[in-house]
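Only one structure is covered here, and it is reproduced in the block below.
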Amino acid sequence: MIFRTLAVLCLLAGGACAAAQEEDKSQKTETAKDEDAPRRYETKARVTAGGRTVSYKVIAGETFIENEKGEKVASIFSTSYIADGFADPRERPVAFIFNGGPGSASLWLHMGVFGPKRVRLPEGPDDDGAAPFDLIANPESIIDVADMVFIDPVGTGWSKTLGETKTDDYWGVKQDAASVREFIRRWLVENKRWNSPKYLIGESYGTTRSAAVLEALESGWTDIAVNGVVLISTVLNFGLDATDAGNEVGYIGLMPGYAATAWYHDKVDKDAWGGDMERFLDEARVFATDEYLPALLKGQLAPQAERDAVAAKLAAFTGLSESYVKRANMRIPLRRFMRELLRDQGLAVGRLDSRFTGVEADRVGENPEYDPSAYGIDAAYTAGMLDYFSRDLGVDIIEPYTTLGGVRRWNWDAEDGGGENSYVNVAPWVERAMRQNKDLRVLAANGYYDLATPFFGTEITLAQPGFDRSRLTITYYEAGHMMYIHQPSLEALAADVRAFIRNEP
């Protein structure tokens, strides 16, 4: 079965940076008053980012999507940051940025890493608590190298269908991509940016969306070629971490992530690996493909001695007891691992970021109560985003803002990417785009402690023959799904994306 039950794939940083606190000497303009016109809010501000001060214009507002009859059928809310001083569009890249879900607004990447302001969370993997939360000028913003357009797809943020339009027209792999493609086309027209270098930046399901949008943009004669795609916490092939009965390869995608988690929580013998986590994870990868997968595929055909040896190694890598591994037939689904690793302490580890832990009232439960790395961050981001919209940008919309969870009944049929009885796999669309666009480059950013979109599943996906690895960069960070909640990882990710847009080695 497909990940229809996956509520969150997407889904923040400590350490104050003294630079760029001068950001908010802003000037705001009036909201459009015509009820039939899209709401629009303009502001001017500046920030010191990437070591230089950038003045820019912010446009937050709606873009109406029309059908073949010219009728308004949907409204997509976005926030654009356009730097001053670039008359020639060829000299100024533009990045279209979105989160995932499906059903998440873009506040996480907006207020977590790329926007001129960001939310500052407590140091370490800790709960964010309650307001007031800190919003600070963001010296890691990429506004110094690219204009940015944060997109909230239909059903997220303030984006919605209009009139009698059904959400089914937008809530699906290809349907969603078609609407985002149309938004991008209209943005390029309205801002006269057809000849600017173009980048897609997506997180989690946003990486799935990036693949689908690539397909929508670059197929056919009305080609909108993309210079680069940044995949943050990648999920292109959903079968590589799905532990449904019979899908043995899903355990392989997860297992090195389990090992990284066990290392972080001191549940493995670090001295046996000389305290070198990279060496430990390299061995975990080899074990996963060369010993663990064959043992799972052979099942009871494998001699008992072989099964016992693999179970012992699996326990040593994952921090679970050998007896538990054997009772589970060497198949440990994610939620069971989250609950079992620190059971002796009454804790569960996070799914989005397994550095986080949460207290479990039921100390014998099979599954965790919830994901501690989700409830540990959501309040700060929601409050921070809405405070920024209202106080800094002058957005006075009173309708509810959907952070995450408003989308239901997603159509996972991606045609050649997967059907009703298969796992979605949109990796071939990225492969094809690279073959048909010699300038397209891909950056895949991974958190070691991300168990929602595990790093080894990404590695396996991107190792397949269709990818031109000379135009592929894979980076790693000592954090989870939202690696930017960890200050050193935030700085490293921003530097990596900045270098990628500049096309620097």
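Scheme for the structure tokens: letters A, B, ... for chains in order shown; per-chain residue numbers from 1; ligand numbers from 1 in order shown.
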Contacts of range 479-493 of chain A at 9 Å (only C-alpha atoms; same-chain gap of 2+ positions) as a VMD selection string: chain A and resid 9 to 15 108 to 109 112 to 113 120 to 121 123 to 125 140 203 to 204 232 to 233 351 to 355 377 445 to 454 475 to 477 495 to 498
Could you give me, as a tab-separated table, every range 177-250 of chain A residue with an atom at most 12 Å from range 462-469 of chain A, plus its closest atom pair and distance in Å to one decimal, counting only C-alpha atoms, rows ordered by chain then number?
residue	atom	partner	partner_atom	distance
A:Leu231	CA	A:Leu462	CA	11.3
A:Thr234	CA	A:Leu462	CA	10.0
A:Val235	CA	A:Leu462	CA	10.6
A:Leu236	CA	A:Leu462	CA	9.2
A:Asn237	CA	A:Leu462	CA	9.8
A:Leu240	CA	A:Leu462	CA	11.7
Please produce an output containing N, CA, C and O atoms for each residue in the selection, written as a PDB file, in the first residue's frame.
ATOM      1  N   LEU A 231      16.987  19.151  -3.077  1.00  0.00           N
ATOM      2  CA  LEU A 231      16.121  18.167  -2.431  1.00  0.00           C
ATOM      3  C   LEU A 231      16.534  18.075  -0.960  1.00  0.00           C
ATOM      4  O   LEU A 231      17.606  17.555  -0.645  1.00  0.00           O
ATOM      5  N   THR A 234      14.967  13.893   1.259  1.00  0.00           N
ATOM      6  CA  THR A 234      14.418  13.420  -0.011  1.00  0.00           C
ATOM      7  C   THR A 234      13.535  12.198   0.125  1.00  0.00           C
ATOM      8  O   THR A 234      13.877  11.244   0.817  1.00  0.00           O
ATOM      9  N   VAL A 235      12.403  12.218  -0.588  1.00  0.00           N
ATOM     10  CA  VAL A 235      11.607  11.014  -0.787  1.00  0.00           C
ATOM     11  C   VAL A 235      11.107  11.026  -2.228  1.00  0.00           C
ATOM     12  O   VAL A 235      10.185  11.756  -2.568  1.00  0.00           O
ATOM     13  N   LEU A 236      11.771  10.256  -3.068  1.00  0.00           N
ATOM     14  CA  LEU A 236      11.377  10.097  -4.460  1.00  0.00           C
ATOM     15  C   LEU A 236      10.783   8.721  -4.704  1.00  0.00           C
ATOM     16  O   LEU A 236       9.840   8.576  -5.475  1.00  0.00           O
ATOM     17  N   ASN A 237      11.321   7.710  -4.054  1.00  0.00           N
ATOM     18  CA  ASN A 237      10.828   6.338  -4.169  1.00  0.00           C
ATOM     19  C   ASN A 237      10.303   5.909  -2.806  1.00  0.00           C
ATOM     20  O   ASN A 237      11.068   5.609  -1.894  1.00  0.00           O
ATOM     21  N   LEU A 240      11.258   2.638  -0.501  1.00  0.00           N
ATOM     22  CA  LEU A 240      12.549   2.401   0.136  1.00  0.00           C
ATOM     23  C   LEU A 240      12.554   2.656   1.632  1.00  0.00           C
ATOM     24  O   LEU A 240      13.604   2.540   2.269  1.00  0.00           O
TER      25      LEU A 240
END
Range 295-307 of chain A environment, 9 Å, only C-alpha atoms, sequence neighbours closer than 2 positions dropped, as a PyMOL selection string: chain A and resi 248-249+291-293+309-312+326+329-331
Ile151 in chain A surroundings by only C-alpha atoms, 10 Å radius, close-in-sequence under 3 positions cut, as a list in words: Ile76, Phe77, Ser78, Thr79, Ser80, Phe96, Ile97, Phe98, Asn99, Ala105, Ser106, Leu107, His110, Met148, Val154, Thr156, Gly157, Ser159, Val180, Phe183 and Ile184 of chain A
All helix (DSSP H, G or I) residues (DSSP, backbone) inside range 148-265 of chain A, as a PDB file with N, CA, C and O atoms, in the first residue's frame:
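Written output follows (part_3.pdb):
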ATOM      1  N   THR A 167     -11.462  20.041  -4.545  1.00  0.00           N
ATOM      2  CA  THR A 167     -10.064  19.877  -4.144  1.00  0.00           C
ATOM      3  C   THR A 167      -9.409  18.706  -4.868  1.00  0.00           C
ATOM      4  O   THR A 167      -8.178  18.655  -4.980  1.00  0.00           O
ATOM      5  N   ASP A 168     -10.203  17.761  -5.376  1.00  0.00           N
ATOM      6  CA  ASP A 168      -9.643  16.638  -6.122  1.00  0.00           C
ATOM      7  C   ASP A 168      -8.826  17.117  -7.322  1.00  0.00           C
ATOM      8  O   ASP A 168      -7.928  16.408  -7.783  1.00  0.00           O
ATOM      9  N   ASP A 169      -9.153  18.301  -7.825  1.00  0.00           N
ATOM     10  CA  ASP A 169      -8.424  18.837  -8.971  1.00  0.00           C
ATOM     11  C   ASP A 169      -7.018  19.279  -8.595  1.00  0.00           C
ATOM     12  O   ASP A 169      -6.208  19.579  -9.487  1.00  0.00           O
ATOM     13  N   VAL A 173      -0.530  13.859  -6.884  1.00  0.00           N
ATOM     14  CA  VAL A 173       0.855  14.045  -7.324  1.00  0.00           C
ATOM     15  C   VAL A 173       0.919  14.930  -8.564  1.00  0.00           C
ATOM     16  O   VAL A 173       1.620  15.949  -8.595  1.00  0.00           O
ATOM     17  N   LYS A 174       0.181  14.564  -9.609  1.00  0.00           N
ATOM     18  CA  LYS A 174       0.248  15.313 -10.860  1.00  0.00           C
ATOM     19  C   LYS A 174      -0.616  16.571 -10.814  1.00  0.00           C
ATOM     20  O   LYS A 174      -0.268  17.593 -11.409  1.00  0.00           O
ATOM     21  N   GLN A 175      -1.740  16.513 -10.111  1.00  0.00           N
ATOM     22  CA  GLN A 175      -2.620  17.681 -10.021  1.00  0.00           C
ATOM     23  C   GLN A 175      -1.928  18.826  -9.291  1.00  0.00           C
ATOM     24  O   GLN A 175      -1.973  19.989  -9.717  1.00  0.00           O
ATOM     25  N   ASP A 176      -1.299  18.508  -8.184  1.00  0.00           N
ATOM     26  CA  ASP A 176      -0.552  19.494  -7.400  1.00  0.00           C
ATOM     27  C   ASP A 176       0.559  20.109  -8.236  1.00  0.00           C
ATOM     28  O   ASP A 176       0.753  21.334  -8.265  1.00  0.00           O
ATOM     29  N   ALA A 177       1.296  19.258  -8.951  1.00  0.00           N
ATOM     30  CA  ALA A 177       2.404  19.743  -9.768  1.00  0.00           C
ATOM     31  C   ALA A 177       1.913  20.661 -10.876  1.00  0.00           C
ATOM     32  O   ALA A 177       2.560  21.664 -11.201  1.00  0.00           O
ATOM     33  N   ALA A 178       0.755  20.348 -11.454  1.00  0.00           N
ATOM     34  CA  ALA A 178       0.222  21.180 -12.531  1.00  0.00           C
ATOM     35  C   ALA A 178      -0.106  22.583 -12.028  1.00  0.00           C
ATOM     36  O   ALA A 178       0.158  23.585 -12.713  1.00  0.00           O
ATOM     37  N   SER A 179      -0.678  22.682 -10.825  1.00  0.00           N
ATOM     38  CA  SER A 179      -1.025  23.998 -10.297  1.00  0.00           C
ATOM     39  C   SER A 179       0.219  24.787  -9.916  1.00  0.00           C
ATOM     40  O   SER A 179       0.288  26.011 -10.125  1.00  0.00           O
ATOM     41  N   VAL A 180       1.231  24.123  -9.373  1.00  0.00           N
ATOM     42  CA  VAL A 180       2.474  24.816  -9.028  1.00  0.00           C
ATOM     43  C   VAL A 180       3.193  25.268 -10.304  1.00  0.00           C
ATOM     44  O   VAL A 180       3.751  26.373 -10.360  1.00  0.00           O
ATOM     45  N   ARG A 181       3.160  24.431 -11.326  1.00  0.00           N
ATOM     46  CA  ARG A 181       3.742  24.831 -12.604  1.00  0.00           C
ATOM     47  C   ARG A 181       3.054  26.088 -13.139  1.00  0.00           C
ATOM     48  O   ARG A 181       3.714  27.019 -13.607  1.00  0.00           O
ATOM     49  N   GLU A 182       1.718  26.115 -13.087  1.00  0.00           N
ATOM     50  CA  GLU A 182       0.994  27.277 -13.586  1.00  0.00           C
ATOM     51  C   GLU A 182       1.313  28.514 -12.752  1.00  0.00           C
ATOM     52  O   GLU A 182       1.457  29.616 -13.299  1.00  0.00           O
ATOM     53  N   PHE A 183       1.464  28.340 -11.434  1.00  0.00           N
ATOM     54  CA  PHE A 183       1.860  29.477 -10.593  1.00  0.00           C
ATOM     55  C   PHE A 183       3.224  30.005 -11.033  1.00  0.00           C
ATOM     56  O   PHE A 183       3.413  31.225 -11.176  1.00  0.00           O
ATOM     57  N   ILE A 184       4.183  29.105 -11.230  1.00  0.00           N
ATOM     58  CA  ILE A 184       5.525  29.521 -11.630  1.00  0.00           C
ATOM     59  C   ILE A 184       5.484  30.250 -12.974  1.00  0.00           C
ATOM     60  O   ILE A 184       6.131  31.291 -13.158  1.00  0.00           O
ATOM     61  N   ARG A 185       4.723  29.715 -13.919  1.00  0.00           N
ATOM     62  CA  ARG A 185       4.604  30.359 -15.229  1.00  0.00           C
ATOM     63  C   ARG A 185       4.073  31.784 -15.080  1.00  0.00           C
ATOM     64  O   ARG A 185       4.621  32.726 -15.665  1.00  0.00           O
ATOM     65  N   ARG A 186       3.009  31.942 -14.295  1.00  0.00           N
ATOM     66  CA  ARG A 186       2.417  33.266 -14.123  1.00  0.00           C
ATOM     67  C   ARG A 186       3.389  34.212 -13.417  1.00  0.00           C
ATOM     68  O   ARG A 186       3.471  35.397 -13.747  1.00  0.00           O
ATOM     69  N   TRP A 187       4.143  33.696 -12.429  1.00  0.00           N
ATOM     70  CA  TRP A 187       5.105  34.536 -11.721  1.00  0.00           C
ATOM     71  C   TRP A 187       6.180  35.031 -12.686  1.00  0.00           C
ATOM     72  O   TRP A 187       6.567  36.203 -12.648  1.00  0.00           O
ATOM     73  N   LEU A 188       6.654  34.154 -13.555  1.00  0.00           N
ATOM     74  CA  LEU A 188       7.676  34.549 -14.522  1.00  0.00           C
ATOM     75  C   LEU A 188       7.141  35.606 -15.485  1.00  0.00           C
ATOM     76  O   LEU A 188       7.853  36.552 -15.839  1.00  0.00           O
ATOM     77  N   VAL A 189       5.884  35.457 -15.894  1.00  0.00           N
ATOM     78  CA  VAL A 189       5.271  36.447 -16.779  1.00  0.00           C
ATOM     79  C   VAL A 189       5.139  37.793 -16.075  1.00  0.00           C
ATOM     80  O   VAL A 189       5.559  38.842 -16.592  1.00  0.00           O
ATOM     81  N   GLU A 190       4.559  37.779 -14.888  1.00  0.00           N
ATOM     82  CA  GLU A 190       4.265  39.026 -14.176  1.00  0.00           C
ATOM     83  C   GLU A 190       5.532  39.762 -13.752  1.00  0.00           C
ATOM     84  O   GLU A 190       5.542  40.996 -13.648  1.00  0.00           O
ATOM     85  N   ASN A 191       6.602  39.021 -13.509  1.00  0.00           N
ATOM     86  CA  ASN A 191       7.836  39.654 -13.038  1.00  0.00           C
ATOM     87  C   ASN A 191       8.910  39.757 -14.121  1.00  0.00           C
ATOM     88  O   ASN A 191      10.036  40.159 -13.827  1.00  0.00           O
ATOM     89  N   TYR A 205       7.977  15.820   1.228  1.00  0.00           N
ATOM     90  CA  TYR A 205       7.131  15.656   0.041  1.00  0.00           C
ATOM     91  C   TYR A 205       7.404  16.779  -0.966  1.00  0.00           C
ATOM     92  O   TYR A 205       7.148  16.613  -2.163  1.00  0.00           O
ATOM     93  N   GLY A 206       7.956  17.873  -0.500  1.00  0.00           N
ATOM     94  CA  GLY A 206       8.365  18.919  -1.431  1.00  0.00           C
ATOM     95  C   GLY A 206       9.416  18.440  -2.411  1.00  0.00           C
ATOM     96  O   GLY A 206       9.552  19.005  -3.506  1.00  0.00           O
ATOM     97  N   THR A 207      10.191  17.394  -2.065  1.00  0.00           N
ATOM     98  CA  THR A 207      11.124  16.812  -3.031  1.00  0.00           C
ATOM     99  C   THR A 207      10.357  15.966  -4.045  1.00  0.00           C
ATOM    100  O   THR A 207      10.709  15.947  -5.231  1.00  0.00           O
ATOM    101  N   THR A 208       9.324  15.268  -3.597  1.00  0.00           N
ATOM    102  CA  THR A 208       8.438  14.563  -4.524  1.00  0.00           C
ATOM    103  C   THR A 208       7.799  15.564  -5.472  1.00  0.00           C
ATOM    104  O   THR A 208       7.734  15.350  -6.693  1.00  0.00           O
ATOM    105  N   ARG A 209       7.310  16.675  -4.890  1.00  0.00           N
ATOM    106  CA  ARG A 209       6.718  17.737  -5.720  1.00  0.00           C
ATOM    107  C   ARG A 209       7.736  18.283  -6.710  1.00  0.00           C
ATOM    108  O   ARG A 209       7.398  18.561  -7.873  1.00  0.00           O
ATOM    109  N   SER A 210       8.992  18.459  -6.276  1.00  0.00           N
ATOM    110  CA  SER A 210      10.008  18.971  -7.192  1.00  0.00           C
ATOM    111  C   SER A 210      10.153  18.085  -8.422  1.00  0.00           C
ATOM    112  O   SER A 210      10.265  18.582  -9.550  1.00  0.00           O
ATOM    113  N   ALA A 211      10.155  16.779  -8.205  1.00  0.00           N
ATOM    114  CA  ALA A 211      10.250  15.850  -9.340  1.00  0.00           C
ATOM    115  C   ALA A 211       9.049  15.988 -10.255  1.00  0.00           C
ATOM    116  O   ALA A 211       9.184  16.023 -11.491  1.00  0.00           O
ATOM    117  N   ALA A 212       7.860  16.072  -9.667  1.00  0.00           N
ATOM    118  CA  ALA A 212       6.642  16.187 -10.467  1.00  0.00           C
ATOM    119  C   ALA A 212       6.577  17.534 -11.186  1.00  0.00           C
ATOM    120  O   ALA A 212       6.117  17.625 -12.330  1.00  0.00           O
ATOM    121  N   VAL A 213       7.023  18.609 -10.521  1.00  0.00           N
ATOM    122  CA  VAL A 213       7.033  19.925 -11.158  1.00  0.00           C
ATOM    123  C   VAL A 213       8.069  19.963 -12.282  1.00  0.00           C
ATOM    124  O   VAL A 213       7.838  20.568 -13.341  1.00  0.00           O
ATOM    125  N   LEU A 214       9.220  19.310 -12.074  1.00  0.00           N
ATOM    126  CA  LEU A 214      10.191  19.188 -13.160  1.00  0.00           C
ATOM    127  C   LEU A 214       9.548  18.561 -14.386  1.00  0.00           C
ATOM    128  O   LEU A 214       9.720  19.034 -15.514  1.00  0.00           O
ATOM    129  N   GLU A 215       8.811  17.477 -14.162  1.00  0.00           N
ATOM    130  CA  GLU A 215       8.125  16.804 -15.258  1.00  0.00           C
ATOM    131  C   GLU A 215       7.135  17.743 -15.933  1.00  0.00           C
ATOM    132  O   GLU A 215       7.038  17.791 -17.160  1.00  0.00           O
ATOM    133  N   ALA A 216       6.404  18.501 -15.134  1.00  0.00           N
ATOM    134  CA  ALA A 216       5.414  19.423 -15.691  1.00  0.00           C
ATOM    135  C   ALA A 216       6.063  20.602 -16.410  1.00  0.00           C
ATOM    136  O   ALA A 216       5.563  21.073 -17.433  1.00  0.00           O
ATOM    137  N   LEU A 217       7.183  21.092 -15.889  1.00  0.00           N
ATOM    138  CA  LEU A 217       7.845  22.248 -16.479  1.00  0.00           C
ATOM    139  C   LEU A 217       8.579  21.913 -17.764  1.00  0.00           C
ATOM    140  O   LEU A 217       8.555  22.683 -18.733  1.00  0.00           O
ATOM    141  N   GLU A 218       9.261  20.773 -17.779  1.00  0.00           N
ATOM    142  CA  GLU A 218      10.211  20.498 -18.851  1.00  0.00           C
ATOM    143  C   GLU A 218       9.686  19.556 -19.924  1.00  0.00           C
ATOM    144  O   GLU A 218      10.362  19.325 -20.928  1.00  0.00           O
ATOM    145  N   PHE A 238       8.982   5.887  -2.664  1.00  0.00           N
ATOM    146  CA  PHE A 238       8.368   5.647  -1.359  1.00  0.00           C
ATOM    147  C   PHE A 238       8.531   4.200  -0.889  1.00  0.00           C
ATOM    148  O   PHE A 238       8.286   3.898   0.273  1.00  0.00           O
ATOM    149  N   GLY A 239       8.934   3.309  -1.776  1.00  0.00           N
ATOM    150  CA  GLY A 239       9.101   1.923  -1.375  1.00  0.00           C
ATOM    151  C   GLY A 239      10.335   1.663  -0.557  1.00  0.00           C
ATOM    152  O   GLY A 239      10.460   0.608   0.064  1.00  0.00           O
ATOM    153  N   LEU A 240      11.258   2.638  -0.501  1.00  0.00           N
ATOM    154  CA  LEU A 240      12.549   2.401   0.136  1.00  0.00           C
ATOM    155  C   LEU A 240      12.554   2.656   1.632  1.00  0.00           C
ATOM    156  O   LEU A 240      13.604   2.540   2.269  1.00  0.00           O
ATOM    157  N   VAL A 249      12.805  -4.453   1.095  1.00  0.00           N
ATOM    158  CA  VAL A 249      13.788  -3.404   0.834  1.00  0.00           C
ATOM    159  C   VAL A 249      13.534  -2.168   1.708  1.00  0.00           C
ATOM    160  O   VAL A 249      14.452  -1.384   1.961  1.00  0.00           O
ATOM    161  N   GLY A 250      12.297  -2.003   2.201  1.00  0.00           N
ATOM    162  CA  GLY A 250      12.014  -0.870   3.075  1.00  0.00           C
ATOM    163  C   GLY A 250      12.850  -0.888   4.339  1.00  0.00           C
ATOM    164  O   GLY A 250      13.245   0.170   4.849  1.00  0.00           O
ATOM    165  N   TYR A 251      13.144  -2.071   4.868  1.00  0.00           N
ATOM    166  CA  TYR A 251      13.982  -2.181   6.067  1.00  0.00           C
ATOM    167  C   TYR A 251      15.426  -1.783   5.767  1.00  0.00           C
ATOM    168  O   TYR A 251      16.138  -1.285   6.646  1.00  0.00           O
ATOM    169  N   ILE A 252      15.842  -1.991   4.519  1.00  0.00           N
ATOM    170  CA  ILE A 252      17.212  -1.659   4.139  1.00  0.00           C
ATOM    171  C   ILE A 252      17.397  -0.147   4.098  1.00  0.00           C
ATOM    172  O   ILE A 252      18.416   0.384   4.542  1.00  0.00           O
ATOM    173  N   GLY A 253      16.392   0.565   3.569  1.00  0.00           N
ATOM    174  CA  GLY A 253      16.474   2.014   3.532  1.00  0.00           C
ATOM    175  C   GLY A 253      16.538   2.636   4.913  1.00  0.00           C
ATOM    176  O   GLY A 253      17.175   3.665   5.124  1.00  0.00           O
ATOM    177  N   LEU A 254      15.873   2.000   5.885  1.00  0.00           N
ATOM    178  CA  LEU A 254      15.804   2.534   7.242  1.00  0.00           C
ATOM    179  C   LEU A 254      16.991   2.156   8.123  1.00  0.00           C
ATOM    180  O   LEU A 254      17.391   2.927   9.005  1.00  0.00           O
ATOM    181  N   MET A 255      17.556   0.983   7.919  1.00  0.00           N
ATOM    182  CA  MET A 255      18.479   0.406   8.902  1.00  0.00           C
ATOM    183  C   MET A 255      19.691   1.290   9.238  1.00  0.00           C
ATOM    184  O   MET A 255      20.011   1.472  10.426  1.00  0.00           O
ATOM    185  N   PRO A 256      20.393   1.905   8.272  1.00  0.00           N
ATOM    186  CA  PRO A 256      21.497   2.788   8.662  1.00  0.00           C
ATOM    187  C   PRO A 256      21.035   4.005   9.459  1.00  0.00           C
ATOM    188  O   PRO A 256      21.791   4.533  10.278  1.00  0.00           O
ATOM    189  N   GLY A 257      19.793   4.458   9.241  1.00  0.00           N
ATOM    190  CA  GLY A 257      19.236   5.532  10.067  1.00  0.00           C
ATOM    191  C   GLY A 257      19.010   5.069  11.490  1.00  0.00           C
ATOM    192  O   GLY A 257      19.219   5.829  12.451  1.00  0.00           O
ATOM    193  N   TYR A 258      18.560   3.841  11.655  1.00  0.00           N
ATOM    194  CA  TYR A 258      18.459   3.262  12.999  1.00  0.00           C
ATOM    195  C   TYR A 258      19.832   3.250  13.664  1.00  0.00           C
ATOM    196  O   TYR A 258      19.970   3.559  14.859  1.00  0.00           O
ATOM    197  N   ALA A 259      20.855   2.877  12.891  1.00  0.00           N
ATOM    198  CA  ALA A 259      22.209   2.806  13.439  1.00  0.00           C
ATOM    199  C   ALA A 259      22.686   4.189  13.892  1.00  0.00           C
ATOM    200  O   ALA A 259      23.276   4.336  14.973  1.00  0.00           O
ATOM    201  N   ALA A 260      22.438   5.218  13.080  1.00  0.00           N
ATOM    202  CA  ALA A 260      22.835   6.575  13.459  1.00  0.00           C
ATOM    203  C   ALA A 260      22.141   7.003  14.745  1.00  0.00           C
ATOM    204  O   ALA A 260      22.745   7.628  15.629  1.00  0.00           O
ATOM    205  N   THR A 261      20.858   6.644  14.870  1.00  0.00           N
ATOM    206  CA  THR A 261      20.095   6.988  16.067  1.00  0.00           C
ATOM    207  C   THR A 261      20.666   6.292  17.294  1.00  0.00           C
ATOM    208  O   THR A 261      20.822   6.903  18.359  1.00  0.00           O
ATOM    209  N   ALA A 262      20.980   5.008  17.156  1.00  0.00           N
ATOM    210  CA  ALA A 262      21.563   4.258  18.264  1.00  0.00           C
ATOM    211  C   ALA A 262      22.908   4.850  18.675  1.00  0.00           C
ATOM    212  O   ALA A 262      23.240   4.926  19.861  1.00  0.00           O
ATOM    213  N   TRP A 263      23.692   5.290  17.704  1.00  0.00           N
ATOM    214  CA  TRP A 263      24.977   5.941  17.995  1.00  0.00           C
ATOM    215  C   TRP A 263      24.759   7.211  18.804  1.00  0.00           C
ATOM    216  O   TRP A 263      25.434   7.436  19.822  1.00  0.00           O
ATOM    217  N   TYR A 264      23.821   8.048  18.375  1.00  0.00           N
ATOM    218  CA  TYR A 264      23.560   9.311  19.057  1.00  0.00           C
ATOM    219  C   TYR A 264      23.167   9.085  20.510  1.00  0.00           C
ATOM    220  O   TYR A 264      23.589   9.826  21.402  1.00  0.00           O
TER     221      TYR A 264
END
Nearby residues (only C-alpha atoms) at most 7 Å from Lys160 in chain A, same-chain spacing under 2 positions excluded, as a PyMOL selection string: chain A and resi 74-76+154-155+158+162
DSSP strand (DSSP E or B) residues within range 199-330 of chain A, listed as number ranges by chain: A: 199-204, 228-234, 237
Skipping near chain neighbours, those fewer than 3 positions away, what residues fall within 12 Å of Ser321 in chain A using only C-alpha atoms, listed as a PDB file with C-alpha atoms, in the first residue's frame?
ATOM      1  CA  ALA A 262      21.563   4.258  18.264  1.00  0.00           C
ATOM      2  CA  LYS A 267      23.210   2.428  22.562  1.00  0.00           C
ATOM      3  CA  VAL A 268      26.113   0.974  20.572  1.00  0.00           C
ATOM      4  CA  ALA A 311      20.370 -10.969  13.885  1.00  0.00           C
ATOM      5  CA  ALA A 312      23.353 -10.480  16.189  1.00  0.00           C
ATOM      6  CA  LYS A 313      24.905  -7.921  13.813  1.00  0.00           C
ATOM      7  CA  LEU A 314      21.579  -6.137  13.387  1.00  0.00           C
ATOM      8  CA  ALA A 315      21.255  -5.818  17.150  1.00  0.00           C
ATOM      9  CA  ALA A 316      24.803  -4.486  17.438  1.00  0.00           C
ATOM     10  CA  PHE A 317      24.172  -1.823  14.799  1.00  0.00           C
ATOM     11  CA  THR A 318      20.717  -0.717  15.980  1.00  0.00           C
ATOM     12  CA  TYR A 324      14.015  -8.537  20.468  1.00  0.00           C
ATOM     13  CA  VAL A 325      15.496  -8.622  16.958  1.00  0.00           C
ATOM     14  CA  LYS A 326      14.964 -12.367  16.748  1.00  0.00           C
ATOM     15  CA  ARG A 327      11.394 -12.178  18.048  1.00  0.00           C
ATOM     16  CA  ALA A 328      10.684  -9.556  15.381  1.00  0.00           C
ATOM     17  CA  MET A 330      14.721  -9.117  12.015  1.00  0.00           C
ATOM     18  CA  ILE A 332      11.497  -3.722  12.942  1.00  0.00           C
ATOM     19  CA  PHE A 337      11.977   1.161  16.727  1.00  0.00           C
ATOM     20  CA  GLU A 340      11.873   0.184  21.717  1.00  0.00           C
ATOM     21  CA  LEU A 341      15.301   1.847  21.565  1.00  0.00           C
ATOM     22  CA  LEU A 342      14.947   3.773  24.860  1.00  0.00           C
ATOM     23  CA  ARG A 343      12.189   1.712  26.444  1.00  0.00           C
ATOM     24  CA  ASP A 344      14.305   1.119  29.546  1.00  0.00           C
TER      25      ASP A 344
END
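For Gly346 in chain A, the residues within 7 Å (counting only C-alpha atoms, excluding itself and residues fewer than 6 positions away along the chain) are Val359, Glu360 and Arg363 of chain A.
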Output C-alpha atoms for every residue in that selection, as a CSV table (one decimal), in the first residue's frame.
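The resulting file, result03.csv, is reproduced below:
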chain,number,residue,atom,x,y,z
A,359,VAL,CA,8.2,10.6,27.8
A,360,GLU,CA,5.9,7.7,27.4
A,363,ARG,CA,6.0,2.0,29.4
Pairwise distance for CA of Arg52 in chain A and CA of Val94 in chain A, rounded to one decimal in Å: 18.3 Å
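The closest residue to Phe133 in chain A, picked from A:Ala380, A:Ala348, A:Val149, A:Leu386 and counting only C-alpha atoms, is A:Ala380.
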